[in-house]
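One structure is given below, encoded as structure tokens.
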Amino acid sequence: MNYIRMSAIVIITYVLISGIAIPIVPQPQGWFEFPVIPGLEEKARNIFFHVPTAWTTVVAFLVSMWYGLRYLRTRNMDDDLKSEASAGLGFMFCVLATITGALWAKFNWGSFWNWDPRETSIFILLLIYGAYFALRSAIEVEETRARLSAVYATLAGLTVPFFIFVLPRIVSGLHPGAKGDPEGAGPVVEFKMSPSMLVVFILGLIGFNLLYVWLLNVRVRTARLEYRRSTPQG
Amino acid sequence: MSVRAQIGAVVVKDVRSEVRNRYAINALVMFVVTAVATILFALRSEQPGPATLAGMYWVVIFFSAMSGLARIFVSEEERGTALTLQLTTSPGILFAGKLAVNTGLTLLLTLSVSALYIVTFPGFVIRSPDIFALTVLLGSIGFSASATILAAIIAKANSRGTLYPVLSFPILIPLLMTVMNATEKALEGAAFIEAVGDMQVLVGYCLIMIAGSFLLFDYVWND
Amino acid sequence: MRSSSVKLDSVSKRFNRRTIFEKVSASVNAPGSLAITGRNGSGKSTLVKILAGVLSATEGKVSLTVDGHEIPRELLYQQVGFVSPYLMLYDEFSAAENIRLLESMRSGRRAADTEIDSLLDMVGLAHRRNDRIGTFSSGMKQRAKYAVALIHRPAMLILDEPTSNLDAEGIAIVRGVAERQSTSGILIVATNDSEEAGWCSQQIPLGIG
């Protein structure tokens, strides 16, 4: 875990500095210059922070669902602790992705919120996390809580394909990569980024996911301690 | 076949129970009437377009369903008959029966809301009956598949009344967005071919939700 | 007579991190009976619910074998009859309707009128056959539960506090039911009454220490 923590710190620091500091020039030469993407320009830098946090949100949700399903099979309370810890982190990353997205939308589309399909999806994801925690707090017996929240997370997980694949294609949107997206911004999502951007972008993905792994580890360990402390003796 | 007879018995039991107690129906009817009346007061003489009408149509259905559909499991839990059911039948049979009852109730609800809308809104004219009928049918099935298992979940939790819409909304959103989209097309008089995409989404949603809730219901129902 | 046996193999139950009971083992072969005794809160009801397949054990295994086949948990309901004060029937249905509906949910078959009548007669409710359960006194409700629990001739009959709310006549009826079950199948009685426990050939005390 120490290595993971250290690499997360190093990588995210690097992504922060290079993502913000590397100049965007019309004719990039070498690793320390980014190309201009028409329609995005300086706003393209958001991709290094927004997309990795959004991905981590989804990863955290899937991990939470996976541990939930595992709880249903093993009935081991430790799996429920992991599921809850991951959902909590997912919520945090979801908020980060929403904020970075909304800020970017303000400068690119003119307002913080436009109900673009991706914005709708992340809004629903926020609602799912909210509903998940509302359900947890409404059940007193911990076995029942673990069981029902695992079922709910799985049900919510079943709707994810609709948000990722279906909605963005039915409803036309403004988001890069969506139906109706202005031509210029397309390459960002189709991974035709310049190599210099791609390196920082992929490092961003790795960095935020490592951060998630490390935080999950910390949260699970604290949750285990709390669990043991509140267990009646004897 | 025994399983079909068992499922039938669950349906008969619930329908007869509903006829005698009217737990769900009364709440549903009153809710629909109140909601539509409120919309009419708010609009006064305005004539909303198809998109607004389609949206308001499903908003009324969503919130009325949220007031009534949970009863199917909440009443069993409140009266203590949940244990009786656990001792008399298997989770799969029970879920199939409850799903059938809720689907019937949702269909009834959509039909009465449709009738009410046709009467009260001059703009609510179904120009493509084929799209509308299929949307209402598939929408009701998908709606009750999610609503039934969520009812079983909240029946075991506290603060049920507020929790139900909170849990249901995110799960029902893909369905709601699609049925609103398709209903708008039906009101505009679109050709069926234009709504095929929506129908595919609805069929997919129904299949995924029915299969998923069948598999998960065991875990909700039994400890 | 069908051969059947039920086995509890070091069953433990924890609930919200509290241990209800630990490592309970017992076995009964038909014809036979078992009394589960213990003071309030010792987990008698929890244990009989585990036996009936309504709750799961945290550790250990419960198995009911009928005619050499182990019954999977999701089909236990076909082999188990259960009576307890906390079991509820449908208030809006009559006694006969309750029996008929619950039996057709259980097996898909339509119980014959004669069958229902003879059961209601046995528990002394024949004259209230078509009255709604909601109008019954708690003792009459308890009697009706016996009719519901016996209509499918269960291999295992579980009685939790069998005589609660019953008058002397009712207790005599229940004694008869218990005797017949313990000579033809498996009878499980959960009780803190030493006389009721005496109906059974074996006893396991819960919650000692």
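How things are named: the first chain in the structure tokens is A, the next is B, and so on; residues count from 1 in each chain; ligands count from 1 in the order shown.
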
Sorted per-residue table, chain B near chain A, closest atoms and distance, 6 Å, only C-alpha atoms, as a Markdown table:
| residue | atom | partner | partner_atom | distance |
| --- | --- | --- | --- | --- |
| B:Ala157 | CA | A:Ile139 | CA | 5.0 |
| B:Asn158 | CA | A:Ala138 | CA | 5.0 |
| B:Val166 | CA | A:Ala131 | CA | 5.9 |
| B:Leu167 | CA | A:Ala131 | CA | 5.3 |
| B:Pro170 | CA | A:Ile124 | CA | 5.7 |
| B:Ile171 | CA | A:Ala156 | CA | 5.8 |

Write out, as CSV, each residue of chain C that has an atom at most 6 Å from chain B, together with the closest pair of atoms and their distance in Å to one decimal, counting only C-alpha atoms, rows going by chain and rising number.
residue,atom,partner,partner_atom,distance
C:Leu55,CA,B:Asp223,CA,5.2
C:Ser56,CA,B:Asp223,CA,6.0
C:Glu74,CA,B:Ser90,CA,5.8
C:Tyr77,CA,B:Leu87,CA,5.2
C:Met88,CA,B:Thr81,CA,5.1
C:Ser104,CA,B:Ala9,CA,5.8
C:Met105,CA,B:Gln6,CA,4.5
C:Arg106,CA,B:Thr88,CA,5.0
C:Gly108,CA,B:Gln6,CA,4.4

Go ahead and save the residues from that selection, with N, CA, C and O atoms, as a PDB file, in the first residue's frame.
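To be explicit, this is the file written out as selection_37.pdb:
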ATOM      1  N   LEU C  55     -35.437 -18.211   8.235  1.00  0.00           N
ATOM      2  CA  LEU C  55     -34.184 -17.506   8.522  1.00  0.00           C
ATOM      3  C   LEU C  55     -33.032 -18.423   8.145  1.00  0.00           C
ATOM      4  O   LEU C  55     -33.191 -19.644   8.095  1.00  0.00           O
ATOM      5  N   SER C  56     -31.882 -17.820   7.902  1.00  0.00           N
ATOM      6  CA  SER C  56     -30.719 -18.660   7.630  1.00  0.00           C
ATOM      7  C   SER C  56     -29.839 -18.687   8.876  1.00  0.00           C
ATOM      8  O   SER C  56     -29.829 -17.750   9.666  1.00  0.00           O
ATOM      9  N   GLU C  74     -35.582 -23.750  -0.574  1.00  0.00           N
ATOM     10  CA  GLU C  74     -36.697 -23.043  -1.214  1.00  0.00           C
ATOM     11  C   GLU C  74     -37.945 -23.927  -1.346  1.00  0.00           C
ATOM     12  O   GLU C  74     -39.007 -23.422  -1.691  1.00  0.00           O
ATOM     13  N   TYR C  77     -41.132 -25.171   2.362  1.00  0.00           N
ATOM     14  CA  TYR C  77     -42.496 -24.782   2.687  1.00  0.00           C
ATOM     15  C   TYR C  77     -43.509 -25.886   2.381  1.00  0.00           C
ATOM     16  O   TYR C  77     -44.587 -25.920   2.961  1.00  0.00           O
ATOM     17  N   MET C  88     -49.543 -14.639  11.176  1.00  0.00           N
ATOM     18  CA  MET C  88     -50.817 -13.959  10.945  1.00  0.00           C
ATOM     19  C   MET C  88     -51.543 -14.565   9.755  1.00  0.00           C
ATOM     20  O   MET C  88     -50.934 -14.908   8.751  1.00  0.00           O
ATOM     21  N   SER C 104     -53.627 -23.385  -1.961  1.00  0.00           N
ATOM     22  CA  SER C 104     -53.392 -23.381  -3.414  1.00  0.00           C
ATOM     23  C   SER C 104     -52.132 -22.582  -3.744  1.00  0.00           C
ATOM     24  O   SER C 104     -51.478 -22.843  -4.747  1.00  0.00           O
ATOM     25  N   MET C 105     -51.741 -21.619  -2.879  1.00  0.00           N
ATOM     26  CA  MET C 105     -50.444 -20.982  -3.090  1.00  0.00           C
ATOM     27  C   MET C 105     -49.317 -21.967  -2.827  1.00  0.00           C
ATOM     28  O   MET C 105     -48.276 -21.935  -3.465  1.00  0.00           O
ATOM     29  N   ARG C 106     -49.542 -22.866  -1.881  1.00  0.00           N
ATOM     30  CA  ARG C 106     -48.483 -23.803  -1.500  1.00  0.00           C
ATOM     31  C   ARG C 106     -48.311 -24.916  -2.522  1.00  0.00           C
ATOM     32  O   ARG C 106     -47.212 -25.273  -2.893  1.00  0.00           O
ATOM     33  N   GLY C 108     -50.684 -25.464  -5.388  1.00  0.00           N
ATOM     34  CA  GLY C 108     -51.354 -25.295  -6.670  1.00  0.00           C
ATOM     35  C   GLY C 108     -52.631 -26.114  -6.768  1.00  0.00           C
ATOM     36  O   GLY C 108     -53.340 -26.045  -7.751  1.00  0.00           O
TER      37      GLY C 108
END

List as a short mmCIF file (atom, residue, chain, number, x, y, z; two decimals) with N, CA, C and O atoms, in the first residue's frame the protein and nucleic acid residues near Ala151 (chain B), meaning an atom at most 9 Å away when only C-alpha atoms are counted, but skip any in the same chain fewer than 3 places from it.
data_model
loop_
_atom_site.label_atom_id
_atom_site.label_comp_id
_atom_site.auth_asym_id
_atom_site.auth_seq_id
_atom_site.Cartn_x
_atom_site.Cartn_y
_atom_site.Cartn_z
N LEU B 69 -48.06 1.47 -5.42
CA LEU B 69 -47.50 0.15 -5.73
C LEU B 69 -46.74 -0.48 -4.57
O LEU B 69 -46.59 -1.69 -4.52
N ALA B 70 -46.23 0.33 -3.65
CA ALA B 70 -45.45 -0.25 -2.55
C ALA B 70 -46.33 -1.08 -1.62
O ALA B 70 -45.84 -1.98 -0.95
N ARG B 71 -47.62 -0.78 -1.61
CA ARG B 71 -48.54 -1.46 -0.68
C ARG B 71 -48.46 -2.97 -0.78
O ARG B 71 -48.66 -3.68 0.19
N ILE B 72 -48.17 -3.45 -1.98
CA ILE B 72 -48.22 -4.88 -2.23
C ILE B 72 -47.31 -5.65 -1.28
O ILE B 72 -47.63 -6.75 -0.86
N PHE B 73 -46.17 -5.07 -0.92
CA PHE B 73 -45.32 -5.73 0.06
C PHE B 73 -45.42 -5.07 1.43
O PHE B 73 -45.32 -5.75 2.45
N VAL B 74 -45.62 -3.76 1.45
CA VAL B 74 -45.67 -3.07 2.74
C VAL B 74 -46.83 -3.60 3.58
O VAL B 74 -46.69 -3.85 4.78
N SER B 146 -39.53 -2.94 -11.86
CA SER B 146 -38.67 -2.22 -10.91
C SER B 146 -39.44 -1.90 -9.64
O SER B 146 -38.92 -2.05 -8.53
N ALA B 147 -40.69 -1.45 -9.80
CA ALA B 147 -41.45 -1.00 -8.62
C ALA B 147 -41.70 -2.15 -7.65
O ALA B 147 -41.71 -1.95 -6.44
N THR B 148 -41.88 -3.36 -8.17
CA THR B 148 -42.22 -4.49 -7.30
C THR B 148 -41.05 -4.88 -6.42
O THR B 148 -41.19 -5.02 -5.20
N ILE B 154 -38.16 -1.74 0.33
CA ILE B 154 -38.53 -0.73 1.33
C ILE B 154 -39.46 -1.29 2.39
O ILE B 154 -39.54 -0.74 3.48
N ALA B 155 -40.16 -2.39 2.08
CA ALA B 155 -41.04 -2.98 3.10
C ALA B 155 -40.23 -3.40 4.31
O ALA B 155 -40.76 -3.49 5.41
N LYS B 156 -38.93 -3.64 4.13
CA LYS B 156 -38.08 -4.08 5.25
C LYS B 156 -37.36 -2.90 5.89
O LYS B 156 -36.57 -3.10 6.81
N ARG B 160 -40.75 4.33 5.02
CA ARG B 160 -41.01 3.75 3.71
C ARG B 160 -41.54 4.76 2.71
O ARG B 160 -41.14 4.78 1.56
N TYR B 164 -39.44 5.30 -0.92
CA TYR B 164 -39.82 4.61 -2.15
C TYR B 164 -39.51 5.41 -3.42
O TYR B 164 -38.79 4.92 -4.29
#

Next on the checklist: Can you tell me which residues surround region 30-32 of chain C at a distance of at most 6 Å, considering only C-alpha atoms, apart from same-chain residues fewer than 5 positions away, and format the answer as a list of chain:residue names?
Outcome noted: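 The neighbour list is C:Ser4, C:Ser5, C:Ser182, C:Thr183, C:Ser184, C:Gly185, C:Ile186.
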
Please dump the current selection as a short mmCIF file (atom, residue, chain, number, x, y, z; two decimals), in the first residue's frame; keep all heavy atoms.
data_model
loop_
_atom_site.label_atom_id
_atom_site.label_comp_id
_atom_site.auth_asym_id
_atom_site.auth_seq_id
_atom_site.Cartn_x
_atom_site.Cartn_y
_atom_site.Cartn_z
N SER C 4 -38.81 -39.69 7.39
CA SER C 4 -38.21 -38.36 7.30
C SER C 4 -37.35 -38.14 8.53
O SER C 4 -37.53 -38.79 9.57
CB SER C 4 -39.30 -37.29 7.21
OG SER C 4 -40.24 -37.48 8.23
N SER C 5 -36.41 -37.22 8.39
CA SER C 5 -35.58 -36.89 9.54
C SER C 5 -35.10 -35.46 9.40
O SER C 5 -34.96 -34.94 8.29
CB SER C 5 -34.39 -37.84 9.64
OG SER C 5 -33.54 -37.66 8.55
N SER C 182 -46.46 -36.66 16.36
CA SER C 182 -45.23 -37.29 16.85
C SER C 182 -45.26 -38.80 16.65
O SER C 182 -44.23 -39.46 16.80
CB SER C 182 -44.98 -36.94 18.32
OG SER C 182 -46.08 -37.36 19.09
N THR C 183 -46.40 -39.36 16.29
CA THR C 183 -46.38 -40.78 15.96
C THR C 183 -46.40 -41.01 14.45
O THR C 183 -46.27 -42.15 14.00
CB THR C 183 -47.61 -41.51 16.57
OG1 THR C 183 -48.77 -40.78 16.21
CG2 THR C 183 -47.51 -41.58 18.08
N SER C 184 -46.55 -39.96 13.67
CA SER C 184 -46.58 -40.17 12.22
C SER C 184 -45.49 -39.39 11.49
O SER C 184 -45.13 -39.69 10.36
CB SER C 184 -47.95 -39.76 11.65
OG SER C 184 -48.09 -38.37 11.78
N GLY C 185 -44.95 -38.38 12.14
CA GLY C 185 -43.93 -37.56 11.45
C GLY C 185 -43.02 -36.92 12.46
O GLY C 185 -42.71 -37.53 13.49
N ILE C 186 -42.60 -35.71 12.17
CA ILE C 186 -41.70 -35.01 13.09
C ILE C 186 -42.48 -33.88 13.75
O ILE C 186 -43.18 -33.12 13.07
CB ILE C 186 -40.49 -34.43 12.33
CG1 ILE C 186 -39.71 -35.55 11.66
CG2 ILE C 186 -39.59 -33.64 13.27
CD1 ILE C 186 -38.65 -35.06 10.71
#

Next on the checklist: Counting only C-alpha atoms, which residue out of C:Val48, C:Lys141, C:Thr58, C:Gly38 sits closest to chain A?
Outcome noted: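 Of the candidates, the smallest distance to chain A is held by C:Thr58.
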
Checklist entry - Near Val33 (chain B), within 10 Å and counting only C-alpha atoms, which residues show up once chain neighbours fewer than 2 positions away are dropped, as JSON, numbers by chain? => result {"B": [28, 29, 30, 31, 35, 36, 37, 38, 60, 64, 112, 113, 116]}

Checklist entry - What are the residues of chain C that have an atom within 8 Å of an atom of chain A, counting only C-alpha atoms, as a ChimeraX atom specification? => result /C:15-18

Selection file, C-alpha atoms, as a PDB file, in the first residue's frame:
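Below is the file result.pdb, written as the result:
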ATOM      1  CA  PHE C  15     -27.928 -10.981  14.682  1.00  0.00           C
ATOM      2  CA  ASN C  16     -26.572  -7.452  14.660  1.00  0.00           C
ATOM      3  CA  ARG C  17     -23.335  -8.882  16.131  1.00  0.00           C
ATOM      4  CA  ARG C  18     -25.165 -10.410  19.080  1.00  0.00           C
TER       5      ARG C  18
END

Item to check | Exercise: region 62-64 of chain A partners within 10 Å, only C-alpha atoms, chain neighbours under 2 positions left out, as a PyMOL selection string | outcome: chain A and resi 56-60+66-70+79-90+150+153-154+157+160

Per-residue DSSP, region 32-167 of chain A, filtered to helix (DSSP H, G or I), as an mmCIF file with C-alpha atoms, in the first residue's frame:
data_model
loop_
_atom_site.group_PDB
_atom_site.id
_atom_site.type_symbol
_atom_site.label_atom_id
_atom_site.label_comp_id
_atom_site.auth_asym_id
_atom_site.auth_seq_id
_atom_site.Cartn_x
_atom_site.Cartn_y
_atom_site.Cartn_z
ATOM 1 C CA GLU A 41 -8.380 25.391 -26.684
ATOM 2 C CA GLU A 42 -7.217 25.952 -23.100
ATOM 3 C CA LYS A 43 -10.403 24.323 -21.790
ATOM 4 C CA ALA A 44 -9.058 20.989 -23.067
ATOM 5 C CA ARG A 45 -6.935 20.763 -19.909
ATOM 6 C CA ASN A 46 -10.027 19.724 -17.995
ATOM 7 C CA ILE A 47 -9.824 16.310 -19.603
ATOM 8 C CA PHE A 48 -6.886 15.404 -17.356
ATOM 9 C CA PHE A 49 -9.016 15.849 -14.244
ATOM 10 C CA HIS A 50 -12.630 15.475 -15.282
ATOM 11 C CA VAL A 51 -12.421 12.234 -17.228
ATOM 12 C CA PRO A 52 -10.248 10.357 -14.687
ATOM 13 C CA THR A 53 -12.537 11.311 -11.791
ATOM 14 C CA ALA A 54 -15.601 10.310 -13.813
ATOM 15 C CA TRP A 55 -13.992 6.968 -14.644
ATOM 16 C CA THR A 56 -13.041 6.416 -11.036
ATOM 17 C CA THR A 57 -16.647 7.100 -10.043
ATOM 18 C CA VAL A 58 -17.797 4.279 -12.278
ATOM 19 C CA VAL A 59 -14.985 1.988 -11.118
ATOM 20 C CA ALA A 60 -15.874 2.666 -7.477
ATOM 21 C CA PHE A 61 -19.525 1.944 -8.191
ATOM 22 C CA LEU A 62 -18.712 -1.349 -9.906
ATOM 23 C CA VAL A 63 -16.390 -2.340 -7.051
ATOM 24 C CA SER A 64 -19.143 -1.525 -4.562
ATOM 25 C CA MET A 65 -21.607 -3.628 -6.527
ATOM 26 C CA TRP A 66 -19.104 -6.467 -6.819
ATOM 27 C CA TYR A 67 -18.484 -6.595 -3.084
ATOM 28 C CA GLY A 68 -22.236 -6.354 -2.540
ATOM 29 C CA LEU A 69 -22.796 -9.417 -4.701
ATOM 30 C CA ARG A 70 -19.958 -11.140 -2.898
ATOM 31 C CA TYR A 71 -21.650 -10.398 0.395
ATOM 32 C CA LEU A 72 -24.825 -12.037 -0.850
ATOM 33 C CA ARG A 73 -22.849 -15.235 -1.463
ATOM 34 C CA THR A 74 -20.474 -15.260 1.505
ATOM 35 C CA MET A 77 -19.717 -8.612 6.903
ATOM 36 C CA ASP A 78 -16.256 -7.591 5.723
ATOM 37 C CA ASP A 79 -17.533 -7.587 2.138
ATOM 38 C CA ASP A 80 -20.272 -5.182 3.142
ATOM 39 C CA LEU A 81 -17.732 -2.868 4.773
ATOM 40 C CA LYS A 82 -15.779 -2.831 1.511
ATOM 41 C CA SER A 83 -18.921 -2.252 -0.514
ATOM 42 C CA GLU A 84 -19.937 0.710 1.625
ATOM 43 C CA ALA A 85 -16.420 2.166 1.708
ATOM 44 C CA SER A 86 -16.204 2.011 -2.063
ATOM 45 C CA ALA A 87 -19.607 3.623 -2.471
ATOM 46 C CA GLY A 88 -18.524 6.473 -0.203
ATOM 47 C CA LEU A 89 -15.422 7.099 -2.298
ATOM 48 C CA GLY A 90 -17.440 6.774 -5.478
ATOM 49 C CA PHE A 91 -19.716 9.503 -4.204
ATOM 50 C CA MET A 92 -16.714 11.745 -3.533
ATOM 51 C CA PHE A 93 -15.287 11.205 -7.016
ATOM 52 C CA CYS A 94 -18.768 11.675 -8.452
ATOM 53 C CA VAL A 95 -18.992 15.093 -6.810
ATOM 54 C CA LEU A 96 -15.520 15.976 -8.138
ATOM 55 C CA ALA A 97 -16.454 14.883 -11.647
ATOM 56 C CA THR A 98 -19.690 16.861 -11.467
ATOM 57 C CA ILE A 99 -17.899 20.013 -10.315
ATOM 58 C CA THR A 100 -15.116 19.799 -12.882
ATOM 59 C CA GLY A 101 -17.710 19.038 -15.543
ATOM 60 C CA ALA A 102 -19.990 21.903 -14.553
ATOM 61 C CA LEU A 103 -17.120 24.409 -14.435
ATOM 62 C CA TRP A 104 -15.991 23.322 -17.852
ATOM 63 C CA ALA A 105 -19.553 23.466 -19.171
ATOM 64 C CA LYS A 106 -19.881 27.043 -17.926
ATOM 65 C CA PHE A 107 -16.951 28.149 -20.073
ATOM 66 C CA ASN A 108 -17.613 25.907 -23.022
ATOM 67 C CA TRP A 109 -21.393 25.842 -23.285
ATOM 68 C CA PRO A 117 -27.009 13.127 -21.652
ATOM 69 C CA ARG A 118 -23.668 12.827 -19.856
ATOM 70 C CA GLU A 119 -24.668 15.444 -17.322
ATOM 71 C CA THR A 120 -27.932 13.591 -16.854
ATOM 72 C CA SER A 121 -26.037 10.331 -16.357
ATOM 73 C CA ILE A 122 -23.750 11.740 -13.713
ATOM 74 C CA PHE A 123 -26.695 13.384 -12.022
ATOM 75 C CA ILE A 124 -28.442 9.997 -11.879
ATOM 76 C CA LEU A 125 -25.265 8.429 -10.536
ATOM 77 C CA LEU A 126 -25.294 11.036 -7.759
ATOM 78 C CA LEU A 127 -28.931 10.166 -7.091
ATOM 79 C CA ILE A 128 -28.111 6.461 -6.984
ATOM 80 C CA TYR A 129 -25.362 7.062 -4.444
ATOM 81 C CA GLY A 130 -27.729 9.258 -2.441
ATOM 82 C CA ALA A 131 -30.491 6.644 -2.555
ATOM 83 C CA TYR A 132 -28.001 3.934 -1.588
ATOM 84 C CA PHE A 133 -26.989 5.804 1.557
ATOM 85 C CA ALA A 134 -30.605 6.779 2.329
ATOM 86 C CA LEU A 135 -31.530 3.095 2.180
ATOM 87 C CA ARG A 136 -28.613 2.113 4.395
ATOM 88 C CA SER A 137 -29.566 4.616 7.045
ATOM 89 C CA GLU A 142 -26.891 -4.738 9.869
ATOM 90 C CA GLU A 143 -27.371 -8.076 8.106
ATOM 91 C CA THR A 144 -30.560 -6.793 6.494
ATOM 92 C CA ARG A 145 -28.848 -3.511 5.666
ATOM 93 C CA ALA A 146 -25.974 -5.294 3.975
ATOM 94 C CA ARG A 147 -28.272 -7.595 2.046
ATOM 95 C CA LEU A 148 -30.727 -4.985 0.817
ATOM 96 C CA SER A 149 -28.138 -2.388 -0.071
ATOM 97 C CA ALA A 150 -26.265 -5.018 -2.075
ATOM 98 C CA VAL A 151 -29.464 -5.810 -3.944
ATOM 99 C CA TYR A 152 -30.129 -2.130 -4.557
ATOM 100 C CA ALA A 153 -26.611 -1.489 -5.813
ATOM 101 C CA THR A 154 -26.993 -4.401 -8.217
ATOM 102 C CA LEU A 155 -30.365 -3.176 -9.470
ATOM 103 C CA ALA A 156 -28.877 0.263 -10.019
ATOM 104 C CA GLY A 157 -25.933 -1.394 -11.762
ATOM 105 C CA LEU A 158 -28.354 -3.046 -14.187
ATOM 106 C CA THR A 159 -29.438 0.389 -15.421
ATOM 107 C CA VAL A 160 -25.879 1.600 -16.055
ATOM 108 C CA PRO A 161 -25.741 0.235 -19.634
ATOM 109 C CA PHE A 162 -28.743 2.395 -20.462
ATOM 110 C CA PHE A 163 -26.968 5.526 -19.293
ATOM 111 C CA ILE A 164 -23.660 4.742 -20.927
ATOM 112 C CA PHE A 165 -24.792 3.301 -24.235
ATOM 113 C CA VAL A 166 -28.434 4.086 -24.808
ATOM 114 C CA LEU A 167 -29.324 7.575 -23.625
#

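Across the structure, CA of Ile193 (chain B) and CA of Asn181 (chain B) are spaced 13.9 Å apart.
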
Checklist entry - Within 9 Å of Gln203 (chain C), counting only C-alpha atoms, which residues qualify if same-chain residues fewer than 5 places away don't, as a PyMOL selection string? => result chain C and resi 33-37+197-198

Mind dumping the selected residues with N, CA and C atoms as a tab-separated table (two decimals), in the first residue's frame?
chain	number	residue	atom	x	y	z
C	33	SER	N	-40.15	-36.57	18.19
C	33	SER	CA	-40.48	-35.20	18.57
C	33	SER	C	-39.32	-34.58	19.32
C	34	LEU	N	-39.27	-33.28	19.28
C	34	LEU	CA	-38.20	-32.54	19.93
C	34	LEU	C	-38.78	-31.28	20.54
C	35	ALA	N	-38.44	-31.03	21.79
C	35	ALA	CA	-38.87	-29.78	22.42
C	35	ALA	C	-37.67	-28.87	22.52
C	36	ILE	N	-37.87	-27.61	22.17
C	36	ILE	CA	-36.81	-26.61	22.33
C	36	ILE	C	-37.25	-25.72	23.48
C	37	THR	N	-36.49	-25.73	24.54
C	37	THR	CA	-36.91	-24.98	25.73
C	37	THR	C	-35.90	-23.88	26.02
C	197	ALA	N	-43.41	-29.16	26.97
C	197	ALA	CA	-42.14	-29.79	26.62
C	197	ALA	C	-42.23	-31.30	26.86
C	198	GLY	N	-43.06	-31.70	27.83
C	198	GLY	CA	-43.20	-33.11	28.14
C	198	GLY	C	-43.89	-33.92	27.05
